[in-house]
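Chemist: File name query-v5.csv; file contents CSV, C-alpha atoms; full text below.
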chain,number,residue,atom,x,y,z
A,16,MET,CA,77.0,84.7,111.9
A,17,LEU,CA,80.4,85.1,110.1
A,18,PRO,CA,80.3,86.4,106.5
A,19,GLU,CA,80.9,82.9,105.1
A,20,GLU,CA,77.8,81.7,107.0
A,21,LEU,CA,75.7,84.8,106.1
A,22,GLU,CA,76.3,84.4,102.4
A,23,PRO,CA,74.5,81.0,101.9
A,24,PHE,CA,71.8,82.1,104.3
A,25,LEU,CA,71.1,85.3,102.3
A,26,LYS,CA,71.4,83.3,99.1
A,27,GLU,CA,68.5,81.1,100.3
A,28,LEU,CA,66.5,84.2,100.6
A,29,GLY,CA,67.2,85.1,97.0
A,30,GLN,CA,69.7,87.9,97.8
A,31,PRO,CA,72.7,88.7,95.7
A,32,ARG,CA,76.2,88.2,97.1
A,33,PHE,CA,76.9,91.9,97.9
A,34,ARG,CA,74.1,91.8,100.6
A,35,THR,CA,76.4,89.8,102.8
A,36,LYS,CA,78.9,92.6,103.3
A,37,GLN,CA,76.0,95.1,103.9
A,38,VAL,CA,74.3,92.9,106.5
A,39,PHE,CA,77.5,92.0,108.3
A,40,LYS,CA,78.6,95.7,108.4
A,41,TRP,CA,75.3,96.7,110.0
A,42,LEU,CA,75.7,94.0,112.7
A,43,GLN,CA,79.0,95.6,113.7
A,44,THR,CA,77.2,98.9,114.6
A,45,GLY,CA,75.1,97.7,117.5
A,46,ILE,CA,71.7,98.1,115.8
A,47,SER,CA,68.7,97.1,117.8
A,48,SER,CA,66.3,96.7,114.9
A,49,PHE,CA,66.5,95.4,111.4
A,50,ASP,CA,64.7,98.6,110.2
A,51,GLU,CA,67.9,100.4,110.9
A,52,MET,CA,69.5,98.6,108.0
A,53,THR,CA,68.4,101.5,105.7
A,54,ASP,CA,70.3,100.4,102.6
A,55,LEU,CA,68.5,97.0,102.5
A,56,PRO,CA,65.1,96.5,100.6
A,57,LYS,CA,62.2,96.7,103.0
A,58,ASN,CA,61.0,93.2,102.1
A,59,LEU,CA,64.4,91.8,103.1
A,60,ARG,CA,64.3,93.7,106.4
A,61,THR,CA,60.9,92.2,107.0
A,62,VAL,CA,62.1,88.7,106.3
A,63,LEU,CA,65.1,89.2,108.6
A,64,GLU,CA,62.8,90.4,111.4
A,65,GLU,CA,60.7,87.2,111.0
A,66,ARG,CA,63.6,84.8,110.7
A,67,CYS,CA,66.4,86.3,113.0
A,68,LEU,CA,66.9,87.7,116.4
A,69,LEU,CA,69.1,90.6,117.5
A,70,THR,CA,70.2,90.0,121.0
A,71,GLY,CA,71.9,93.3,121.8
A,72,VAL,CA,72.2,95.4,125.0
A,73,THR,CA,70.3,98.3,126.5
A,74,VAL,CA,71.7,100.6,129.2
A,75,GLU,CA,69.9,100.1,132.6
A,76,ARG,CA,72.5,102.2,134.6
A,77,LYS,CA,75.6,104.1,133.6
A,78,LEU,CA,78.2,105.3,136.2
A,79,CYS,CA,81.1,107.5,135.4
A,80,SER,CA,84.1,107.7,137.7
A,81,GLN,CA,85.1,111.2,138.8
A,82,LEU,CA,88.6,109.8,139.7
A,83,ASP,CA,89.8,108.3,136.4
A,84,GLY,CA,87.1,108.4,133.8
A,85,THR,CA,86.2,104.8,134.1
A,86,VAL,CA,82.7,104.0,132.9
A,87,LYS,CA,80.6,101.2,134.4
A,88,TYR,CA,77.6,99.9,132.5
A,89,LEU,CA,74.7,97.8,133.8
A,90,TYR,CA,73.0,96.4,130.6
A,91,ARG,CA,69.6,95.0,130.3
A,92,LEU,CA,69.2,92.1,127.8
A,93,HIS,CA,66.2,91.1,125.7
A,94,ASP,CA,64.9,88.8,128.4
A,95,GLY,CA,65.3,91.3,131.2
A,96,ALA,CA,68.5,89.8,132.6
A,97,HIS,CA,71.3,92.1,133.6
A,98,ILE,CA,75.1,92.1,133.0
A,99,GLU,CA,78.0,94.4,133.7
A,100,SER,CA,80.7,95.9,131.5
A,101,VAL,CA,83.4,98.4,132.2
A,102,LEU,CA,85.3,100.9,129.9
A,103,MET,CA,88.8,101.9,131.1
A,104,LYS,CA,91.2,104.4,129.7
A,105,TYR,CA,94.9,103.6,129.6
A,106,GLU,CA,97.9,105.2,128.0
A,107,HIS,CA,97.7,102.7,125.1
A,108,GLY,CA,94.0,103.3,124.5
A,109,TYR,CA,90.6,102.1,125.6
A,110,THR,CA,89.9,98.7,127.1
A,111,VAL,CA,86.5,97.2,127.6
A,112,CYS,CA,85.9,94.5,130.1
A,113,ILE,CA,83.0,92.3,129.0
A,114,SER,CA,80.8,89.7,130.6
A,115,THR,CA,80.3,86.2,129.1
A,116,GLN,CA,77.5,84.9,131.2
A,117,VAL,CA,74.6,86.2,133.3
A,118,GLY,CA,75.9,85.4,136.7
A,119,CYS,CA,78.4,82.6,137.2
A,120,ARG,CA,78.4,79.0,138.5
A,121,MET,CA,82.1,79.0,139.7
A,122,GLY,CA,81.2,80.3,143.2
A,123,CYS,CA,84.5,82.0,144.1
A,124,SER,CA,84.0,83.3,147.6
A,125,PHE,CA,85.7,86.7,147.0
A,126,CYS,CA,83.6,87.5,143.9
A,127,ALA,CA,80.2,89.1,143.7
A,128,SER,CA,79.4,87.8,140.2
A,129,GLY,CA,78.4,84.3,141.3
A,130,LEU,CA,76.5,85.0,144.5
A,131,ASN,CA,73.2,84.1,142.9
A,132,GLY,CA,74.7,81.4,140.6
A,133,LEU,CA,74.4,81.1,136.8
A,134,VAL,CA,71.3,82.3,135.0
A,135,ARG,CA,72.4,81.7,131.4
A,136,ASN,CA,75.1,82.0,128.9
A,137,LEU,CA,75.5,85.1,126.8
A,138,THR,CA,75.2,84.8,123.0
A,139,PRO,CA,78.2,85.9,120.9
A,140,TYR,CA,76.3,89.0,119.8
A,141,GLU,CA,75.5,89.9,123.4
A,142,MET,CA,79.3,89.8,124.1
A,143,LEU,CA,80.1,91.8,120.9
A,144,SER,CA,77.4,94.4,121.6
A,145,GLN,CA,79.2,95.3,124.9
A,146,VAL,CA,82.3,96.2,122.9
A,147,ILE,CA,80.3,98.0,120.2
A,148,PHE,CA,78.2,100.1,122.5
A,149,ALA,CA,81.0,101.2,124.8
A,150,GLY,CA,82.9,102.5,121.8
A,151,ARG,CA,79.9,104.2,120.2
A,152,ASP,CA,78.6,105.7,123.5
A,153,ASN,CA,82.0,107.3,124.2
A,154,GLY,CA,83.0,108.2,120.7
A,155,VAL,CA,86.2,106.1,121.0
A,156,ARG,CA,87.9,103.2,119.3
A,157,ILE,CA,88.2,100.2,121.5
A,158,SER,CA,91.7,98.8,121.2
A,159,ASN,CA,91.7,96.1,123.8
A,160,VAL,CA,89.1,93.6,125.2
A,161,VAL,CA,89.3,91.6,128.4
A,162,MET,CA,86.9,88.8,129.0
A,163,MET,CA,87.0,89.2,132.7
A,164,GLY,CA,83.5,90.5,133.6
A,165,MET,CA,80.7,88.4,134.9
A,166,GLY,CA,80.9,84.7,134.1
A,167,GLU,CA,83.5,82.0,133.1
A,168,PRO,CA,84.3,82.2,129.4
A,169,LEU,CA,85.4,78.5,129.2
A,170,ASP,CA,82.0,77.5,130.8
A,171,ASN,CA,80.5,79.2,127.7
A,172,PHE,CA,83.1,77.8,125.4
A,173,ASN,CA,81.5,77.7,122.0
A,174,HIS,CA,80.0,81.2,122.3
A,175,SER,CA,83.3,82.6,123.6
A,176,VAL,CA,85.2,81.2,120.6
A,177,ARG,CA,82.6,82.6,118.2
A,178,PHE,CA,82.9,86.0,119.9
A,179,LEU,CA,86.7,86.0,119.4
A,180,GLN,CA,86.2,85.2,115.7
A,181,LEU,CA,83.6,88.0,115.3
A,182,VAL,CA,85.4,90.7,117.2
A,183,SER,CA,88.7,90.2,115.4
A,184,HIS,CA,87.1,89.8,111.9
A,185,PRO,CA,88.7,92.2,109.3
A,186,GLN,CA,85.2,93.2,108.1
A,187,GLY,CA,84.1,93.8,111.6
A,188,LEU,CA,85.7,95.6,114.6
A,189,ASN,CA,89.0,94.1,113.6
A,190,ILE,CA,90.4,94.1,117.1
A,191,GLY,CA,93.6,92.0,117.0
A,192,LEU,CA,93.5,88.8,119.0
A,193,ARG,CA,96.8,89.8,120.6
A,194,HIS,CA,94.9,92.6,122.2
A,195,ILE,CA,92.3,90.3,123.8
A,196,SER,CA,92.6,88.6,127.2
A,197,LEU,CA,90.4,85.6,128.3
A,198,SER,CA,90.2,84.9,132.0
A,199,THR,CA,89.4,81.5,133.4
A,200,SER,CA,89.1,80.3,137.0
A,201,GLY,CA,90.9,77.1,135.9
A,202,ILE,CA,88.7,74.8,133.9
A,203,VAL,CA,91.4,72.4,132.8
A,204,PRO,CA,89.6,70.7,129.9
A,205,GLY,CA,88.6,74.1,128.5
A,206,ILE,CA,92.3,75.3,128.5
A,207,TYR,CA,93.3,72.2,126.4
A,208,LYS,CA,90.3,72.8,124.1
A,209,LEU,CA,91.2,76.4,123.7
A,210,ALA,CA,94.8,75.5,122.8
A,211,GLU,CA,93.4,73.6,119.7
A,212,TYR,CA,92.5,77.0,118.2
A,213,ALA,CA,95.9,78.5,118.9
A,214,PHE,CA,94.4,82.0,119.2
A,215,PRO,CA,97.2,84.5,119.9
A,216,ILE,CA,95.2,85.9,122.8
A,217,THR,CA,96.5,86.3,126.4
A,218,LEU,CA,95.3,83.5,128.7
A,219,SER,CA,94.6,85.0,132.1
A,220,VAL,CA,94.3,82.4,134.9
A,221,SER,CA,92.6,83.3,138.1
A,222,LEU,CA,95.0,81.4,140.4
A,223,HIS,CA,94.7,83.3,143.7
A,224,ALA,CA,96.5,80.6,145.8
A,225,PRO,CA,99.8,78.7,145.6
A,226,ASN,CA,98.5,75.4,146.9
A,227,ASP,CA,95.4,73.2,146.9
A,228,GLY,CA,94.6,73.9,150.6
A,229,ILE,CA,94.1,77.6,150.2
A,230,ARG,CA,92.6,77.5,146.7
A,231,LYS,CA,89.9,75.0,147.7
A,232,SER,CA,88.9,77.2,150.6
A,233,ILE,CA,88.1,80.1,148.2
A,234,MET,CA,87.5,78.6,144.8
A,235,PRO,CA,85.2,75.5,144.4
A,236,VAL,CA,86.7,74.8,141.0
A,237,ALA,CA,89.9,73.7,142.8
A,238,LYS,CA,88.0,70.7,144.2
A,239,ARG,CA,87.7,69.4,140.6
A,240,TRP,CA,91.1,70.2,139.3
A,241,SER,CA,94.2,70.5,141.4
A,242,VAL,CA,96.8,73.3,141.2
A,243,ALA,CA,99.2,70.8,139.7
A,244,GLU,CA,96.8,69.8,137.0
A,245,LEU,CA,96.0,73.5,136.3
A,246,ILE,CA,99.7,74.5,136.0
A,247,GLN,CA,100.4,71.5,133.8
A,248,ALA,CA,97.6,72.6,131.5
A,249,CYS,CA,99.1,76.1,131.4
A,250,ARG,CA,102.5,74.7,130.4
A,251,ASP,CA,101.0,72.5,127.7
A,252,TYR,CA,98.9,75.5,126.5
A,253,GLN,CA,102.0,77.6,126.3
A,254,LYS,CA,103.8,75.0,124.2
A,255,VAL,CA,101.1,75.4,121.5
A,256,THR,CA,100.6,79.1,121.6
A,257,THR,CA,104.1,80.4,122.7
A,258,ARG,CA,102.2,83.2,124.4
A,259,ARG,CA,102.9,84.6,127.9
A,260,ILE,CA,100.3,83.6,130.5
A,261,SER,CA,99.0,86.1,133.1
A,262,PHE,CA,98.2,84.7,136.5
A,263,GLU,CA,95.7,86.8,138.5
A,264,TYR,CA,96.2,86.7,142.3
A,265,ALA,CA,93.8,88.5,144.5
A,266,LEU,CA,95.5,89.3,147.8
A,267,ILE,CA,93.2,88.6,150.7
A,268,GLU,CA,94.3,89.7,154.2
A,269,GLY,CA,95.2,86.6,156.3
A,270,VAL,CA,94.4,84.1,153.6
A,271,ASN,CA,97.0,84.1,150.8
A,272,ASP,CA,99.2,87.1,151.5
A,273,SER,CA,102.0,85.7,153.5
A,274,GLU,CA,105.7,85.7,152.5
A,275,GLN,CA,105.5,81.9,152.5
A,276,CYS,CA,102.7,82.1,149.9
A,277,ALA,CA,104.8,84.4,147.8
A,278,GLU,CA,107.8,82.0,147.9
A,279,GLU,CA,105.5,79.0,147.2
A,280,LEU,CA,103.9,80.8,144.3
A,281,ALA,CA,107.3,81.6,142.7
A,282,ARG,CA,108.3,77.9,142.9
A,283,LEU,CA,105.0,76.8,141.4
A,284,LEU,CA,105.4,79.0,138.3
A,285,LYS,CA,109.1,78.6,137.8
A,286,GLY,CA,109.9,77.9,134.1
A,287,LEU,CA,106.7,79.4,132.8
A,288,LEU,CA,106.7,82.4,130.6
A,289,CYS,CA,104.3,84.4,132.7
A,290,HIS,CA,103.3,87.5,134.6
A,291,VAL,CA,101.7,87.7,138.0
A,292,ASN,CA,99.0,90.4,138.4
A,293,LEU,CA,98.5,91.1,142.1
A,294,ILE,CA,95.0,92.4,142.8
A,295,PRO,CA,94.2,93.9,146.2
A,296,ALA,CA,91.0,92.1,147.1
A,297,ASN,CA,87.8,94.2,146.5
A,298,PRO,CA,85.5,94.3,149.5
A,299,VAL,CA,82.2,92.4,148.9
A,300,ARG,CA,79.3,93.1,151.3
A,301,GLU,CA,78.5,89.4,151.5
A,302,ASN,CA,81.9,88.3,152.9
A,303,SER,CA,84.4,89.6,155.4
A,304,PHE,CA,87.5,89.5,153.1
A,305,GLN,CA,89.8,92.5,153.3
A,306,LYS,CA,92.8,93.6,151.2
A,307,PRO,CA,96.2,93.7,153.0
A,308,ASP,CA,97.7,97.1,153.7
A,309,ARG,CA,99.9,98.6,151.0
A,310,LYS,CA,103.2,97.7,152.8
A,311,LYS,CA,102.2,94.0,152.8
A,312,ILE,CA,101.2,94.1,149.2
A,313,GLU,CA,104.5,95.6,148.2
A,314,LEU,CA,106.4,93.0,150.3
A,315,PHE,CA,104.5,90.2,148.5
A,316,ARG,CA,105.6,91.6,145.1
A,317,THR,CA,109.2,92.1,146.2
A,318,ARG,CA,109.3,88.4,147.3
A,319,LEU,CA,108.1,87.3,143.9
A,320,GLU,CA,110.6,89.6,142.0
A,321,LYS,CA,113.5,88.3,144.1
A,322,SER,CA,112.6,84.8,143.0
A,323,GLY,CA,112.7,85.9,139.4
A,324,MET,CA,109.0,86.4,138.8
A,325,ASN,CA,107.6,89.3,136.7
A,326,ALA,CA,104.9,90.8,139.0
A,327,THR,CA,102.9,94.0,139.1
A,328,ILE,CA,100.2,95.4,141.4
A,329,ARG,CA,97.0,96.2,139.4
A,330,ARG,CA,96.0,99.8,139.5
A,331,THR,CA,92.5,100.3,140.9
A,332,LEU,CA,90.1,102.0,138.5
A,333,GLY,CA,86.6,103.1,139.1
A,334,ALA,CA,86.8,102.8,142.9
A,335,ASP,CA,84.0,105.3,143.3
A,336,ILE,CA,81.5,103.6,141.0
A,337,GLU,CA,81.5,99.9,142.1
A,338,ALA,CA,83.6,98.9,139.1
A,339,SER,CA,84.2,95.4,140.4
A,340,CYS,CA,82.2,92.7,138.8
A,341,GLY,CA,78.8,91.8,140.1
A,342,GLN,CA,78.3,94.6,142.7
A,343,LEU,CA,76.2,97.0,140.6
A,344,ARG,CA,74.0,94.2,139.2
A,345,ARG,CA,73.3,92.8,142.6
A,346,ARG,CA,72.4,96.1,144.1
A,347,VAL,CA,70.1,97.2,141.2
A,348,GLU,CA,68.3,93.9,141.0
A,349,LYS,CA,67.6,94.1,144.8
A,350,GLU,CA,66.2,97.6,144.2
A,351,LEU,CA,64.0,96.4,141.3
A,352,GLN,CA,62.7,93.5,143.5
A,353,ARG,CA,61.8,96.0,146.3
A,354,GLU,CA,60.0,98.1,143.7
A,355,GLY,CA,58.1,95.0,142.5
A,356,ASN,CA,59.8,95.0,139.1
A,357,LYS,CA,61.7,91.7,139.4
A,358,PRO,CA,63.7,91.1,136.2
For the file at hand, write its structure as structure tokens.
Modeler:
Amino acid sequence: MLPEELEPFLKELGQPRFRTKQVFKWLQTGISSFDEMTDLPKNLRTVLEERCLLTGVTVERKLCSQLDGTVKYLYRLHDGAHIESVLMKYEHGYTVCISTQVGCRMGCSFCASGLNGLVRNLTPYEMLSQVIFAGRDNGVRISNVVMMGMGEPLDNFNHSVRFLQLVSHPQGLNIGLRHISLSTSGIVPGIYKLAEYAFPITLSVSLHAPNDGIRKSIMPVAKRWSVAELIQACRDYQKVTTRRISFEYALIEGVNDSEQCAEELARLLKGLLCHVNLIPANPVRENSFQKPDRKKIELFRTRLEKSGMNATIRRTLGADIEASCGQLRRRVEKELQREGNKP
């Protein structure tokens, strides 16, 4: 709940107005029990325990990279489901990559997150808890959030919007919306719906192909909305928000990494205020995709830049701890099944 919703709720319980600020503040600390709200009367804590649910996160596994300090979390939720989250350190501060769903229904062939489909949506507090816990566990202030972990944020639209409202609230973590990126595989109606809120976030579109033929072969969502429809939605979104859009492009050897693809991509995005984030494809055990060699990746970027595009190659973080989405969850859940502890 936001403070303006908490106040009438607590008023119904016979509580004075100042309790609103107390309760909301406690919810921003990642508590797992109402008993931790030590400055509230015990009878109020008891009523909250009876009436409300705290859907936070508990660490199942924690992996720390010896290469760059990246921290990978596998969280267990209240119902036994698992999600992943990653804390990354950059020059400008700490960024946490959060999940928005347990699993994913998008089925992108190069991604491990959706191999077992969608289990359920995350609640706004389960999303918020990933940010809170990462900061608290490492004793740092989180300055940036990327909604790029497991799941499709626009497939969990209402909860994703509520998360954005909570994480940026002045009485909460107060992380500026300009420091938050939301990634989508290209749910066109969701992009238009998000534009209605005019959040000054960065929209990050998982494009991964310059045409329908290639995109349909690796992303089932492309069979519902064409590349042309997706790019038009991005242009219309940008007219409303005036924000630069980031296009994610996972380079897969022999699939979408040719010079022709680079030139076609540049033509497709011409006129958009955008940035192309080139991602050397992460190997996933369940498919045969490989990333191109470094020379080919550099050539692809050069082709884009010569066409006037702003393009960078994403730095790989946490390569020694399976920091890519879905890998750790899948491995651990297989281990639990073998041990007879199926989540």
Chemist: If we count only C-alpha atoms, what is near segment 188-192 of chain A at a cut-off of 7 Å, once residues fewer than 2 positions away on the same chain are taken out, given as a count of residues only?
Modeler: 12
Chemist: Taking only C-alpha atoms into account, name the residue in A:Thr73, A:Gln30, A:Thr327, A:Gln145 that is nearest to Arg60 of chain A.
Modeler: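 Looking only at the distances to Arg60 of chain A, the closest residue turns out to be A:Gln30.
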Chemist: Between A:Lys310, A:Ile328, A:Pro23, A:Ser198, which one has atoms that come closest to Met163 of chain A, using only C-alpha atoms?
Modeler: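 Residue with the minimum atom-to-atom distance to Met163 of chain A: A:Ser198.
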Chemist: So how many Å separate atom CA of Arg193 of chain A and atom CA of Met162 of chain A, to one decimal?
Modeler: 13.0 Å
Chemist: Counting all atoms listed in the file, what is within 10 Å of Ser175 of chain A, bar same-chain residues fewer than 2 positions away, as an mmCIF file with C-alpha atoms, in the frame of the given file?
Modeler:
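Result written to around02.cif:
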data_model
loop_
_atom_site.group_PDB
_atom_site.id
_atom_site.type_symbol
_atom_site.label_atom_id
_atom_site.label_comp_id
_atom_site.auth_asym_id
_atom_site.auth_seq_id
_atom_site.Cartn_x
_atom_site.Cartn_y
_atom_site.Cartn_z
ATOM 1 C CA THR A 115 80.300 86.200 129.100
ATOM 2 C CA GLN A 116 77.500 84.900 131.200
ATOM 3 C CA ASN A 136 75.100 82.000 128.900
ATOM 4 C CA LEU A 137 75.500 85.100 126.800
ATOM 5 C CA THR A 138 75.200 84.800 123.000
ATOM 6 C CA PRO A 139 78.200 85.900 120.900
ATOM 7 C CA MET A 142 79.300 89.800 124.100
ATOM 8 C CA MET A 162 86.900 88.800 129.000
ATOM 9 C CA GLU A 167 83.500 82.000 133.100
ATOM 10 C CA PRO A 168 84.300 82.200 129.400
ATOM 11 C CA LEU A 169 85.400 78.500 129.200
ATOM 12 C CA ASP A 170 82.000 77.500 130.800
ATOM 13 C CA ASN A 171 80.500 79.200 127.700
ATOM 14 C CA PHE A 172 83.100 77.800 125.400
ATOM 15 C CA ASN A 173 81.500 77.700 122.000
ATOM 16 C CA ARG A 177 82.600 82.600 118.200
ATOM 17 C CA PHE A 178 82.900 86.000 119.900
ATOM 18 C CA LEU A 179 86.700 86.000 119.400
ATOM 19 C CA GLN A 180 86.200 85.200 115.700
ATOM 20 C CA LEU A 181 83.600 88.000 115.300
ATOM 21 C CA LEU A 197 90.400 85.600 128.300
#
Chemist: Using all atoms listed in the file, which of A:Lys104, A:Val161, A:Ala296, A:Tyr140 sits nearest Leu17 of chain A?
Modeler: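 Comparing A:Lys104, A:Val161, A:Ala296, A:Tyr140 against Leu17 of chain A, the winner is A:Tyr140.
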Chemist: Could you check the closest approach to Glu313 of chain A for each of A:His290, A:Arg258, A:Arg329, A:Arg120 and tell me which residue wins, using all atoms listed in the file?
Modeler: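 Result for the nearest residue to Glu313 of chain A: A:Arg329.
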Chemist: If you count all atoms listed in the file, which residues fall within 10 Å of segment 223-236 of chain A, apart from same-chain ones fewer than 3 positions away, as a PyMOL selection string?
Modeler: chain A and resi 120-126+200-203+220+239-243+262-267+270-272+275-284+292-294
Chemist: Which polymer residues have any atom within 7 Å of an atom of segment 44-59 of chain A, counting all atoms listed in the file, with same-chain residues fewer than 6 positions away left out, as a list in words?
Modeler: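 The neighbour list is Leu69, Gly71, Ser144, Ile147 and Phe148 of chain A.
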Chemist: At what distance in Å, to one decimal, does atom CA of Glu75 of chain A lie from atom CA of His97 of chain A?
Modeler: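 Calculated distance between atom CA of His97 of chain A and atom CA of Glu75 of chain A is 8.2 Å.
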Chemist: When you count all atoms listed in the file, which of these residues is closest to Leu143 of chain A: A:Arg156, A:Leu42, A:Thr110, A:Thr85?
Modeler: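 That would be A:Leu42, the residue with the smallest distance to Leu143 of chain A.
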Chemist: Go ahead and compute the interatomic distance for atom CA of Val160 of chain A and atom CA of Asp83 of chain A, in Å to one decimal.
Modeler: 18.5 Å
Chemist: Would you mind telling me which residue in A:Glu320, A:Glu268, A:Glu244, A:Glu141 lies nearest to Lys306 of chain A when using all atoms listed in the file?
Modeler: A:Glu268
Chemist: Please, which residues are within 10 Å of (97.1, 75.8, 131.9) by the file's coordinates, counting all atoms listed in the file, and could they come as an mmCIF file with C-alpha atoms, in the frame of the given file?
Modeler:
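File produced: point_23.cif:
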data_model
loop_
_atom_site.group_PDB
_atom_site.id
_atom_site.type_symbol
_atom_site.label_atom_id
_atom_site.label_comp_id
_atom_site.auth_asym_id
_atom_site.auth_seq_id
_atom_site.Cartn_x
_atom_site.Cartn_y
_atom_site.Cartn_z
ATOM 1 C CA THR A 199 89.400 81.500 133.400
ATOM 2 C CA GLY A 201 90.900 77.100 135.900
ATOM 3 C CA ILE A 202 88.700 74.800 133.900
ATOM 4 C CA VAL A 203 91.400 72.400 132.800
ATOM 5 C CA PRO A 204 89.600 70.700 129.900
ATOM 6 C CA GLY A 205 88.600 74.100 128.500
ATOM 7 C CA ILE A 206 92.300 75.300 128.500
ATOM 8 C CA TYR A 207 93.300 72.200 126.400
ATOM 9 C CA ALA A 210 94.800 75.500 122.800
ATOM 10 C CA LEU A 218 95.300 83.500 128.700
ATOM 11 C CA SER A 219 94.600 85.000 132.100
ATOM 12 C CA VAL A 220 94.300 82.400 134.900
ATOM 13 C CA VAL A 242 96.800 73.300 141.200
ATOM 14 C CA ALA A 243 99.200 70.800 139.700
ATOM 15 C CA GLU A 244 96.800 69.800 137.000
ATOM 16 C CA LEU A 245 96.000 73.500 136.300
ATOM 17 C CA ILE A 246 99.700 74.500 136.000
ATOM 18 C CA GLN A 247 100.400 71.500 133.800
ATOM 19 C CA ALA A 248 97.600 72.600 131.500
ATOM 20 C CA CYS A 249 99.100 76.100 131.400
ATOM 21 C CA ARG A 250 102.500 74.700 130.400
ATOM 22 C CA ASP A 251 101.000 72.500 127.700
ATOM 23 C CA TYR A 252 98.900 75.500 126.500
ATOM 24 C CA GLN A 253 102.000 77.600 126.300
ATOM 25 C CA ILE A 260 100.300 83.600 130.500
#
Chemist: Emit segment 269-286 of chain A of the structure in the block as a file comprising N, CA and C atoms, as a PDB file, in the first residue's frame.
Modeler:
ATOM      1  N   GLY A 269      25.775 -16.750 -35.987  1.00  0.00           N
ATOM      2  CA  GLY A 269      25.097 -17.334 -37.132  1.00  0.00           C
ATOM      3  C   GLY A 269      23.606 -17.088 -37.206  1.00  0.00           C
ATOM      4  N   VAL A 270      23.061 -16.311 -36.280  1.00  0.00           N
ATOM      5  CA  VAL A 270      21.616 -16.057 -36.265  1.00  0.00           C
ATOM      6  C   VAL A 270      21.298 -14.605 -36.604  1.00  0.00           C
ATOM      7  N   ASN A 271      21.906 -13.669 -35.861  1.00  0.00           N
ATOM      8  CA  ASN A 271      21.559 -12.251 -36.027  1.00  0.00           C
ATOM      9  C   ASN A 271      22.788 -11.350 -35.989  1.00  0.00           C
ATOM     10  N   ASP A 272      23.957 -11.905 -36.310  1.00  0.00           N
ATOM     11  CA  ASP A 272      25.208 -11.169 -36.108  1.00  0.00           C
ATOM     12  C   ASP A 272      25.910 -10.759 -37.391  1.00  0.00           C
ATOM     13  N   SER A 273      25.204 -10.817 -38.522  1.00  0.00           N
ATOM     14  CA  SER A 273      25.842 -10.479 -39.800  1.00  0.00           C
ATOM     15  C   SER A 273      25.913  -8.973 -40.005  1.00  0.00           C
ATOM     16  N   GLU A 274      26.764  -8.550 -40.912  1.00  0.00           N
ATOM     17  CA  GLU A 274      26.851  -7.126 -41.261  1.00  0.00           C
ATOM     18  C   GLU A 274      25.530  -6.644 -41.840  1.00  0.00           C
ATOM     19  N   GLN A 275      24.867  -7.514 -42.583  1.00  0.00           N
ATOM     20  CA  GLN A 275      23.566  -7.168 -43.156  1.00  0.00           C
ATOM     21  C   GLN A 275      22.552  -6.888 -42.049  1.00  0.00           C
ATOM     22  N   CYS A 276      22.588  -7.688 -40.987  1.00  0.00           N
ATOM     23  CA  CYS A 276      21.683  -7.459 -39.852  1.00  0.00           C
ATOM     24  C   CYS A 276      21.956  -6.102 -39.210  1.00  0.00           C
ATOM     25  N   ALA A 277      23.232  -5.753 -39.084  1.00  0.00           N
ATOM     26  CA  ALA A 277      23.599  -4.467 -38.483  1.00  0.00           C
ATOM     27  C   ALA A 277      23.058  -3.310 -39.312  1.00  0.00           C
ATOM     28  N   GLU A 278      23.213  -3.406 -40.628  1.00  0.00           N
ATOM     29  CA  GLU A 278      22.737  -2.337 -41.508  1.00  0.00           C
ATOM     30  C   GLU A 278      21.213  -2.248 -41.487  1.00  0.00           C
ATOM     31  N   GLU A 279      20.550  -3.398 -41.461  1.00  0.00           N
ATOM     32  CA  GLU A 279      19.086  -3.422 -41.414  1.00  0.00           C
ATOM     33  C   GLU A 279      18.575  -2.852 -40.094  1.00  0.00           C
ATOM     34  N   LEU A 280      19.283  -3.161 -39.017  1.00  0.00           N
ATOM     35  CA  LEU A 280      18.909  -2.645 -37.693  1.00  0.00           C
ATOM     36  C   LEU A 280      19.024  -1.124 -37.660  1.00  0.00           C
ATOM     37  N   ALA A 281      20.070  -0.590 -38.237  1.00  0.00           N
ATOM     38  CA  ALA A 281      20.270   0.854 -38.267  1.00  0.00           C
ATOM     39  C   ALA A 281      19.152   1.549 -39.041  1.00  0.00           C
ATOM     40  N   ARG A 282      18.743   0.955 -40.148  1.00  0.00           N
ATOM     41  CA  ARG A 282      17.637   1.531 -40.927  1.00  0.00           C
ATOM     42  C   ARG A 282      16.335   1.486 -40.136  1.00  0.00           C
ATOM     43  N   LEU A 283      16.129   0.390 -39.417  1.00  0.00           N
ATOM     44  CA  LEU A 283      14.895   0.206 -38.660  1.00  0.00           C
ATOM     45  C   LEU A 283      14.734   1.270 -37.576  1.00  0.00           C
ATOM     46  N   LEU A 284      15.839   1.617 -36.921  1.00  0.00           N
ATOM     47  CA  LEU A 284      15.784   2.522 -35.764  1.00  0.00           C
ATOM     48  C   LEU A 284      16.063   3.980 -36.127  1.00  0.00           C
ATOM     49  N   LYS A 285      16.259   4.250 -37.389  1.00  0.00           N
ATOM     50  CA  LYS A 285      16.580   5.610 -37.826  1.00  0.00           C
ATOM     51  C   LYS A 285      15.492   6.596 -37.382  1.00  0.00           C
ATOM     52  N   GLY A 286      15.916   7.701 -36.804  1.00  0.00           N
ATOM     53  CA  GLY A 286      14.983   8.742 -36.378  1.00  0.00           C
ATOM     54  C   GLY A 286      14.534   8.616 -34.936  1.00  0.00           C
TER      55      GLY A 286
END
